[in-house]
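Novice: Input structure: upload_31.cif, which contains mmCIF, C-alpha atoms and all ligand atoms.
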data_work
loop_
_atom_site.group_PDB
_atom_site.id
_atom_site.type_symbol
_atom_site.label_atom_id
_atom_site.label_comp_id
_atom_site.auth_asym_id
_atom_site.auth_seq_id
_atom_site.Cartn_x
_atom_site.Cartn_y
_atom_site.Cartn_z
ATOM 1 C CA MET A 55 95.591 101.932 93.697
ATOM 2 C CA LYS A 56 97.769 99.368 95.460
ATOM 3 C CA ILE A 57 97.063 95.676 95.227
ATOM 4 C CA GLY A 58 98.033 93.230 97.949
ATOM 5 C CA ILE A 59 98.715 89.745 96.619
ATOM 6 C CA ILE A 60 98.800 86.979 99.193
ATOM 7 C CA CYS A 61 100.051 83.450 98.570
ATOM 8 C CA ALA A 62 100.320 80.915 101.365
ATOM 9 C CA MET A 63 103.428 79.192 100.067
ATOM 10 C CA GLU A 64 106.687 80.000 98.290
ATOM 11 C CA GLU A 65 105.715 77.680 95.386
ATOM 12 C CA GLU A 66 102.598 79.758 94.781
ATOM 13 C CA LEU A 67 104.403 83.103 94.752
ATOM 14 C CA ALA A 68 107.641 82.143 92.935
ATOM 15 C CA PRO A 69 106.298 82.422 89.348
ATOM 16 C CA LEU A 70 104.702 85.803 90.126
ATOM 17 C CA LYS A 71 107.864 87.154 91.723
ATOM 18 C CA LYS A 72 109.758 86.349 88.519
ATOM 19 C CA ILE A 73 107.607 88.704 86.435
ATOM 20 C CA MET A 74 107.363 91.511 88.970
ATOM 21 C CA SER A 75 109.689 94.506 89.044
ATOM 22 C CA ILE A 76 110.790 94.727 92.682
ATOM 23 C CA LYS A 77 111.384 98.049 94.478
ATOM 24 C CA GLU A 78 111.638 97.243 98.161
ATOM 25 C CA THR A 79 111.376 94.307 100.513
ATOM 26 C CA ARG A 80 110.526 94.499 104.229
ATOM 27 C CA THR A 81 109.952 91.806 106.817
ATOM 28 C CA LYS A 82 107.230 91.907 109.463
ATOM 29 C CA ALA A 83 105.705 89.087 111.516
ATOM 30 C CA ARG A 84 108.276 86.827 109.830
ATOM 31 C CA MET A 85 106.637 87.573 106.471
ATOM 32 C CA GLU A 86 108.508 89.171 103.583
ATOM 33 C CA PHE A 87 106.509 91.997 101.975
ATOM 34 C CA ILE A 88 107.757 92.624 98.437
ATOM 35 C CA GLU A 89 106.749 95.978 96.949
ATOM 36 C CA GLY A 90 106.974 96.731 93.266
ATOM 37 C CA THR A 91 105.023 96.863 90.030
ATOM 38 C CA LEU A 92 103.369 94.278 87.845
ATOM 39 C CA GLU A 93 101.509 95.198 84.660
ATOM 40 C CA GLU A 94 102.242 98.837 85.641
ATOM 41 C CA LYS A 95 100.218 98.520 88.849
ATOM 42 C CA ASP A 96 101.641 99.018 92.342
ATOM 43 C CA VAL A 97 101.609 95.687 94.111
ATOM 44 C CA VAL A 98 102.765 94.201 97.407
ATOM 45 C CA MET A 99 103.338 90.458 97.280
ATOM 46 C CA VAL A 100 103.751 88.280 100.321
ATOM 47 C CA ILE A 101 103.939 84.682 101.421
ATOM 48 C CA SER A 102 101.643 84.487 104.433
ATOM 49 C CA GLY A 103 102.387 80.925 105.501
ATOM 50 C CA ILE A 104 99.731 78.246 105.752
ATOM 51 C CA GLY A 105 96.476 78.491 107.675
ATOM 52 C CA LYS A 106 93.890 81.059 108.683
ATOM 53 C CA VAL A 107 95.842 82.846 111.420
ATOM 54 C CA ASN A 108 98.842 83.516 109.179
ATOM 55 C CA ALA A 109 96.524 84.662 106.413
ATOM 56 C CA ALA A 110 94.572 87.062 108.628
ATOM 57 C CA VAL A 111 97.704 88.587 110.189
ATOM 58 C CA CYS A 112 99.154 89.060 106.728
ATOM 59 C CA ALA A 113 96.024 90.753 105.372
ATOM 60 C CA GLN A 114 95.921 93.105 108.365
ATOM 61 C CA ILE A 115 99.551 94.160 107.821
ATOM 62 C CA LEU A 116 98.771 94.850 104.160
ATOM 63 C CA ALA A 117 95.851 97.010 105.280
ATOM 64 C CA ASP A 118 97.712 98.890 108.041
ATOM 65 C CA ASP A 119 101.246 99.282 106.719
ATOM 66 C CA TYR A 120 100.658 99.384 102.967
ATOM 67 C CA GLN A 121 97.097 100.759 102.729
ATOM 68 C CA VAL A 122 96.281 98.308 99.959
ATOM 69 C CA THR A 123 93.134 99.167 98.025
ATOM 70 C CA HIS A 124 92.502 95.597 96.816
ATOM 71 C CA LEU A 125 93.409 92.145 98.097
ATOM 72 C CA ILE A 126 93.896 89.101 95.889
ATOM 73 C CA ASN A 127 94.639 85.647 97.240
ATOM 74 C CA VAL A 128 96.196 83.268 94.743
ATOM 75 C CA GLY A 129 97.155 79.626 95.163
ATOM 76 C CA VAL A 130 96.024 76.040 94.976
ATOM 77 C CA ALA A 131 92.994 74.277 96.434
ATOM 78 C CA GLY A 132 91.376 70.878 96.673
ATOM 79 C CA GLY A 133 88.382 70.266 94.411
ATOM 80 C CA VAL A 134 85.118 69.475 96.198
ATOM 81 C CA LYS A 135 82.419 69.444 93.492
ATOM 82 C CA GLU A 136 82.579 66.343 91.319
ATOM 83 C CA ASN A 137 82.994 68.166 88.015
ATOM 84 C CA ILE A 138 86.090 70.002 89.244
ATOM 85 C CA GLN A 139 89.394 68.437 88.216
ATOM 86 C CA PRO A 140 93.063 69.039 89.016
ATOM 87 C CA MET A 141 94.391 71.960 86.916
ATOM 88 C CA ASP A 142 90.936 73.607 86.749
ATOM 89 C CA VAL A 143 90.562 77.049 88.287
ATOM 90 C CA VAL A 144 87.988 78.127 90.867
ATOM 91 C CA VAL A 145 87.323 81.822 91.428
ATOM 92 C CA ALA A 146 85.451 82.542 94.647
ATOM 93 C CA LYS A 147 81.934 83.880 94.456
ATOM 94 C CA ALA A 148 81.995 83.820 98.276
ATOM 95 C CA LEU A 149 83.992 82.202 101.074
ATOM 96 C CA LEU A 150 83.360 80.800 104.521
ATOM 97 C CA GLN A 151 85.246 79.071 107.304
ATOM 98 C CA HIS A 152 84.137 75.443 107.347
ATOM 99 C CA ASP A 153 85.765 74.704 110.705
ATOM 100 C CA MET A 154 83.927 77.471 112.589
ATOM 101 C CA ASP A 155 81.530 75.441 114.738
ATOM 102 C CA VAL A 156 79.319 76.965 117.411
ATOM 103 C CA THR A 157 76.466 74.518 116.810
ATOM 104 C CA ALA A 158 76.391 73.901 120.578
ATOM 105 C CA PHE A 159 74.654 77.284 120.840
ATOM 106 C CA GLY A 160 72.282 76.655 117.960
ATOM 107 C CA LEU A 161 74.290 78.351 115.216
ATOM 108 C CA LYS A 162 74.737 76.768 111.797
ATOM 109 C CA ARG A 163 78.125 75.276 110.985
ATOM 110 C CA GLY A 164 80.380 77.963 109.563
ATOM 111 C CA GLU A 165 78.440 80.746 111.272
ATOM 112 C CA ILE A 166 80.609 83.203 113.193
ATOM 113 C CA PRO A 167 79.007 84.135 116.521
ATOM 114 C CA ARG A 168 78.167 87.780 117.082
ATOM 115 C CA PHE A 169 79.393 88.743 113.632
ATOM 116 C CA GLU A 170 77.354 90.260 110.824
ATOM 117 C CA SER A 171 78.300 87.784 108.161
ATOM 118 C CA SER A 172 79.849 84.367 107.748
ATOM 119 C CA LEU A 173 79.716 84.083 103.986
ATOM 120 C CA PHE A 174 82.072 86.702 102.581
ATOM 121 C CA LYS A 175 81.205 87.800 99.054
ATOM 122 C CA SER A 176 84.156 88.559 96.827
ATOM 123 C CA ASP A 177 84.331 91.840 94.927
ATOM 124 C CA GLU A 178 82.282 91.719 91.720
ATOM 125 C CA LYS A 179 84.779 93.533 89.507
ATOM 126 C CA LEU A 180 87.863 91.620 90.663
ATOM 127 C CA THR A 181 86.006 88.325 90.386
ATOM 128 C CA ALA A 182 84.608 89.102 86.927
ATOM 129 C CA LEU A 183 88.091 90.016 85.686
ATOM 130 C CA ALA A 184 89.575 86.840 87.166
ATOM 131 C CA LEU A 185 86.897 84.705 85.503
ATOM 132 C CA GLU A 186 87.388 86.503 82.178
ATOM 133 C CA GLY A 187 91.172 86.092 82.347
ATOM 134 C CA SER A 188 90.905 82.454 83.315
ATOM 135 C CA ARG A 189 88.397 81.589 80.562
ATOM 136 C CA LYS A 190 90.852 82.798 77.931
ATOM 137 C CA ASN A 191 92.697 79.529 78.517
ATOM 138 C CA GLU A 192 90.683 76.617 77.187
ATOM 139 C CA ASP A 193 93.117 73.937 78.366
ATOM 140 C CA TYR A 194 91.229 73.697 81.648
ATOM 141 C CA THR A 195 87.763 74.571 82.980
ATOM 142 C CA THR A 196 87.078 77.703 85.010
ATOM 143 C CA HIS A 197 84.459 77.585 87.765
ATOM 144 C CA GLU A 198 82.890 80.221 89.947
ATOM 145 C CA GLY A 199 81.765 78.949 93.342
ATOM 146 C CA ILE A 200 81.976 78.888 97.089
ATOM 147 C CA ILE A 201 85.445 78.300 98.495
ATOM 148 C CA VAL A 202 85.607 77.005 102.044
ATOM 149 C CA SER A 203 88.654 77.416 104.270
ATOM 150 C CA GLY A 204 89.734 75.652 107.437
ATOM 151 C CA ASP A 205 92.866 74.682 109.306
ATOM 152 C CA GLN A 206 92.716 71.189 107.823
ATOM 153 C CA PHE A 207 94.148 69.548 104.710
ATOM 154 C CA ILE A 208 91.109 67.684 103.397
ATOM 155 C CA SER A 209 91.847 64.144 102.251
ATOM 156 C CA SER A 210 88.790 61.948 102.652
ATOM 157 C CA LYS A 211 85.677 61.266 100.647
ATOM 158 C CA GLU A 212 83.481 61.642 103.760
ATOM 159 C CA LYS A 213 84.808 65.125 104.442
ATOM 160 C CA ILE A 214 84.324 66.217 100.806
ATOM 161 C CA GLU A 215 80.731 64.979 100.883
ATOM 162 C CA ASP A 216 80.223 66.863 104.109
ATOM 163 C CA LEU A 217 81.643 70.118 102.674
ATOM 164 C CA LEU A 218 79.503 69.733 99.582
ATOM 165 C CA GLU A 219 76.286 68.969 101.462
ATOM 166 C CA THR A 220 76.764 71.516 104.229
ATOM 167 C CA PHE A 221 78.210 74.441 102.304
ATOM 168 C CA ASP A 222 77.775 73.656 98.591
ATOM 169 C CA ALA A 223 81.555 74.104 98.378
ATOM 170 C CA ALA A 224 83.323 74.073 95.034
ATOM 171 C CA ALA A 225 86.833 73.952 96.517
ATOM 172 C CA CYS A 226 88.614 73.845 99.860
ATOM 173 C CA GLU A 227 91.812 75.449 101.062
ATOM 174 C CA MET A 228 93.270 76.913 104.253
ATOM 175 C CA GLU A 229 93.445 80.725 103.961
ATOM 176 C CA GLY A 230 90.917 82.357 101.621
ATOM 177 C CA ALA A 231 88.026 82.890 104.035
ATOM 178 C CA ALA A 232 90.357 84.351 106.685
ATOM 179 C CA ILE A 233 91.641 86.876 104.145
ATOM 180 C CA ALA A 234 88.035 87.539 103.153
ATOM 181 C CA GLN A 235 87.045 88.275 106.753
ATOM 182 C CA ALA A 236 90.069 90.531 107.286
ATOM 183 C CA ALA A 237 89.237 92.326 104.025
ATOM 184 C CA ASP A 238 85.622 92.708 105.145
ATOM 185 C CA LEU A 239 86.683 94.169 108.515
ATOM 186 C CA ASN A 240 88.896 96.693 106.716
ATOM 187 C CA HIS A 241 86.451 97.447 103.855
ATOM 188 C CA ILE A 242 88.889 96.249 101.199
ATOM 189 C CA PRO A 243 87.541 94.636 98.013
ATOM 190 C CA PHE A 244 89.006 91.167 97.509
ATOM 191 C CA THR A 245 88.901 88.018 95.457
ATOM 192 C CA VAL A 246 90.391 84.536 95.703
ATOM 193 C CA ILE A 247 91.751 82.649 92.693
ATOM 194 C CA ARG A 248 92.667 78.998 93.216
ATOM 195 C CA ALA A 249 93.992 76.385 90.805
ATOM 196 C CA ILE A 250 92.988 72.850 91.708
ATOM 197 C CA SER A 251 95.888 70.648 92.810
ATOM 198 C CA ASP A 252 93.893 67.606 94.005
ATOM 199 C CA ASN A 253 90.395 66.219 94.439
ATOM 200 C CA ALA A 254 90.566 66.489 98.250
ATOM 201 C CA ASN A 255 89.880 62.726 98.396
ATOM 202 C CA THR A 256 91.948 59.859 99.763
ATOM 203 C CA GLY A 257 94.583 60.460 97.048
ATOM 204 C CA ALA A 258 94.793 64.196 97.806
ATOM 205 C CA SER A 259 98.323 64.310 99.200
ATOM 206 C CA MET A 260 99.730 62.368 96.223
ATOM 207 C CA ASP A 261 97.804 64.411 93.638
ATOM 208 C CA TYR A 262 98.798 67.564 95.454
ATOM 209 C CA GLU A 263 102.518 66.821 95.081
ATOM 210 C CA LYS A 264 102.014 65.921 91.418
ATOM 211 C CA PHE A 265 99.874 68.865 90.321
ATOM 212 C CA LYS A 266 100.631 71.792 92.603
ATOM 213 C CA ASP A 267 103.435 73.419 90.575
ATOM 214 C CA LEU A 268 101.616 72.947 87.266
ATOM 215 C CA ALA A 269 98.352 74.209 88.738
ATOM 216 C CA VAL A 270 100.088 77.344 90.036
ATOM 217 C CA GLU A 271 101.215 78.193 86.488
ATOM 218 C CA ASN A 272 97.549 78.622 85.539
ATOM 219 C CA THR A 273 97.083 81.365 88.108
ATOM 220 C CA VAL A 274 99.913 83.573 86.779
ATOM 221 C CA SER A 275 98.240 84.606 83.526
ATOM 222 C CA ILE A 276 94.935 85.171 85.347
ATOM 223 C CA LEU A 277 96.537 87.535 87.815
ATOM 224 C CA THR A 278 98.358 89.489 85.112
ATOM 225 C CA TYR A 279 95.060 89.807 83.202
ATOM 226 C CA VAL A 280 93.306 91.137 86.310
ATOM 227 C CA LEU A 281 96.062 93.682 86.985
ATOM 228 C CA LYS A 282 96.203 94.847 83.368
ATOM 229 C CA ASN A 283 92.455 95.476 83.267
ATOM 230 C CA LEU A 284 91.862 96.854 86.751
HETATM 231 N N1 LIG A 301 95.067 73.039 99.333
HETATM 232 C C1 LIG A 301 95.248 72.237 98.270
HETATM 233 N N2 LIG A 301 94.599 71.062 98.423
HETATM 234 C C2 LIG A 301 93.978 71.120 99.620
HETATM 235 C C3 LIG A 301 93.179 70.211 100.350
HETATM 236 N N3 LIG A 301 92.890 69.007 99.878
HETATM 237 N N4 LIG A 301 92.720 70.608 101.577
HETATM 238 C C4 LIG A 301 93.033 71.824 102.069
HETATM 239 N N5 LIG A 301 93.812 72.716 101.423
HETATM 240 C C5 LIG A 301 94.280 72.365 100.199
#
Would you mind giving the structure from this file in structure tokens?
Ligand code: ADE

Specialist:
Amino acid sequence: MKIGIICAMEEELAPLKKIMSIKETRTKARMEFIEGTLEEKDVVMVISGIGKVNAAVCAQILADDYQVTHLINVGVAGGVKENIQPMDVVVAKALLQHDMDVTAFGLKRGEIPRFESSLFKSDEKLTALALEGSRKNEDYTTHEGIIVSGDQFISSKEKIEDLLETFDAAACEMEGAAIAQAADLNHIPFTVIRAISDNANTGASMDYEKFKDLAVENTVSILTYVLKNL
């Protein structure tokens, strides 16, 4: 068993790196792949950079060069559903790319042309463990839902309403669904765990700066719980 852990940004990975015992670090595609152990499990941690392309390239390297058996994406996200607040945690039931748009050819928004699936279901066991670990902390609410990803930082009420109506999204971010598709292509079980940093509304960038580091702290204990029980 070897678990690939992808964070988009340094801030998201830093607290995890602190508790990991590091064996070796290698750089590829300008990404630093840190191998070691956490909760006695072999892990490879990496900062992919922001956006779907970085995330997909990163996941493919983890598949090819490290033969990871599981992929976990950890980080922050914007809340879409009204009952989801900053500091809450959303674990993905499934993910899709909200900016995939081939409606000109009659496809639904989010649908990937000539591809089996567009809604990528996360692995049941990984997701159940993440939910269980997260619910141990009663200081915030844990949600299970659809996470949508796109190469856009969402910061308007209109766009949130659109994501909610079109995709029934619980949260939005910029990498999860790309990792999900790469995992699907490589037959690797995956899940995505996101702490809410903002409500993806007009105040999103301000909230984001205020909550992101605190929100990230919530993901650390969840990840360690998942690793311990996997
Ligand atoms: N990550 C955190 N907040 C986000 C938002 N509002 N839109 C996209 N990605 C995010």

Novice: Which distance in Å separates CA of Gln121 (chain A) and CA of Thr181 (chain A), to one decimal?

Specialist: 20.7 Å

Novice: Which residues fall under the PyMOL selection byres (((chain A and resi 66) around 10) and not hetatm) in this file, as a list in words?

Specialist: Ile60, Cys61, Ala62, Met63, Glu64, Glu65, Leu67, Ala68, Pro69, Leu70, Lys71, Ile101, Val128, Gly129, Val130, Lys266, Asp267, Ala269, Val270, Glu271, Thr273 and Val274 of chain A

Novice: Measuring between all atoms listed in the file, which one of A:Ile242, A:Val144, A:Met85, A:Met99 shows the shortest distance to ligand LIG 301 (chain A)?

Specialist: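 Once distances to ligand LIG 301 (chain A) are computed over all atoms listed in the file, the minimum belongs to A:Val144.
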
Novice: For Asn127 (chain A), list every protein, DNA or RNA residue within 9 Å, evaluated using only C-alpha atoms, and leave out those in the same chain fewer than 5 positions away; present the list as a list in words.

Specialist: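 Final neighbour list, sorted by chain and number: Gly58, Ile59, Ile60, Cys61, Ala62, Glu229, Gly230, Ile233, Phe244, Thr245, Val246, Ile247 and Arg248 of chain A.
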
Novice: Using only C-alpha atoms, please write the residues we just selected to a file, as a short mmCIF file (atom, residue, chain, number, x, y, z; two decimals), in the coordinates of the input.

Specialist:
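File produced: result-v7.cif:
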data_model
loop_
_atom_site.label_atom_id
_atom_site.label_comp_id
_atom_site.auth_asym_id
_atom_site.auth_seq_id
_atom_site.Cartn_x
_atom_site.Cartn_y
_atom_site.Cartn_z
CA GLY A 58 98.03 93.23 97.95
CA ILE A 59 98.72 89.74 96.62
CA ILE A 60 98.80 86.98 99.19
CA CYS A 61 100.05 83.45 98.57
CA ALA A 62 100.32 80.92 101.36
CA GLU A 229 93.44 80.72 103.96
CA GLY A 230 90.92 82.36 101.62
CA ILE A 233 91.64 86.88 104.14
CA PHE A 244 89.01 91.17 97.51
CA THR A 245 88.90 88.02 95.46
CA VAL A 246 90.39 84.54 95.70
CA ILE A 247 91.75 82.65 92.69
CA ARG A 248 92.67 79.00 93.22
#

Novice: Take CA of Asn253 (chain A) and CA of Glu192 (chain A) and report the distance between them in Å, one decimal.

Specialist: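 Spanning CA of Asn253 (chain A) to CA of Glu192 (chain A) is a straight-line distance of 20.1 Å.
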
Novice: Write as a PyMOL selection string the residues around ligand LIG 301 (chain A), taking 10 Å as the cut-off and counting all atoms listed in the file.

Specialist: chain A and resi 62+104-105+129-134+140+202-210+214+225-229+248-259+261-263+265-266

Novice: Identify, on the basis of only C-alpha atoms, every residue whose closest approach to Leu150 (chain A) does not exceed 9 Å; exclude the query and any residue fewer than 4 positions from it along the same chain; express the result as a list of chain:residue names.

Specialist: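 The residues that qualify are A:Met154, A:Gly164, A:Glu165, A:Ser172, A:Leu173, A:Phe174, A:Ile200, A:Ile201, A:Val202, A:Ser203, A:Gly204, A:Phe221, A:Gly230, A:Ala231, A:Ala232, A:Ala234, A:Gln235.
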
Novice: Quote the spacing between CA of Ser275 (chain A) and CA of Leu185 (chain A) in Å to one decimal place.

Specialist: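 Computed distance, CA of Ser275 (chain A) to CA of Leu185 (chain A), equals 11.5 Å.
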
Novice: Please provide as a VMD selection string all residues within 8 Å of Glu86 (chain A), with the sequence filter that same-chain residues fewer than 6 positions apart are discarded (counting all atoms listed in the file).

Specialist: chain A and resid 79 to 80 100 to 101

Novice: Could you check which of A:Ile57, A:Val107, A:Thr195, A:Leu116 is closest to Gly90 (chain A), using only C-alpha atoms?

Specialist: A:Ile57

Novice: Using the file's own x, y and z axes, what box holds all listed atoms of region 246-251 of chain A with 3 Å on each side, keeping edges along x, y and z, and what are its centre and edge lengths in Å to one decimal, as lines of an AutoDock Vina configuration file?

Specialist:
center_x = 93.1
center_y = 77.6
center_z = 93.3
size_x = 11.5
size_y = 19.9
size_z = 10.9

Novice: Could you check which of A:Leu92, A:Glu78, A:Ile73, A:Gly199 is closest to Lys282 (chain A), using only C-alpha atoms?

Specialist: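 Checking each of A:Leu92, A:Glu78, A:Ile73, A:Gly199 against Lys282 (chain A), counting only C-alpha atoms, the winner is A:Leu92.
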
Novice: I'd like to know which of A:Leu268, A:Ala158, A:Met260, A:Ala182 is closest to Asn283 (chain A), using all atoms listed in the file.

Specialist: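 When distances to Asn283 (chain A) are compared using all atoms listed in the file, the smallest one comes from A:Ala182.
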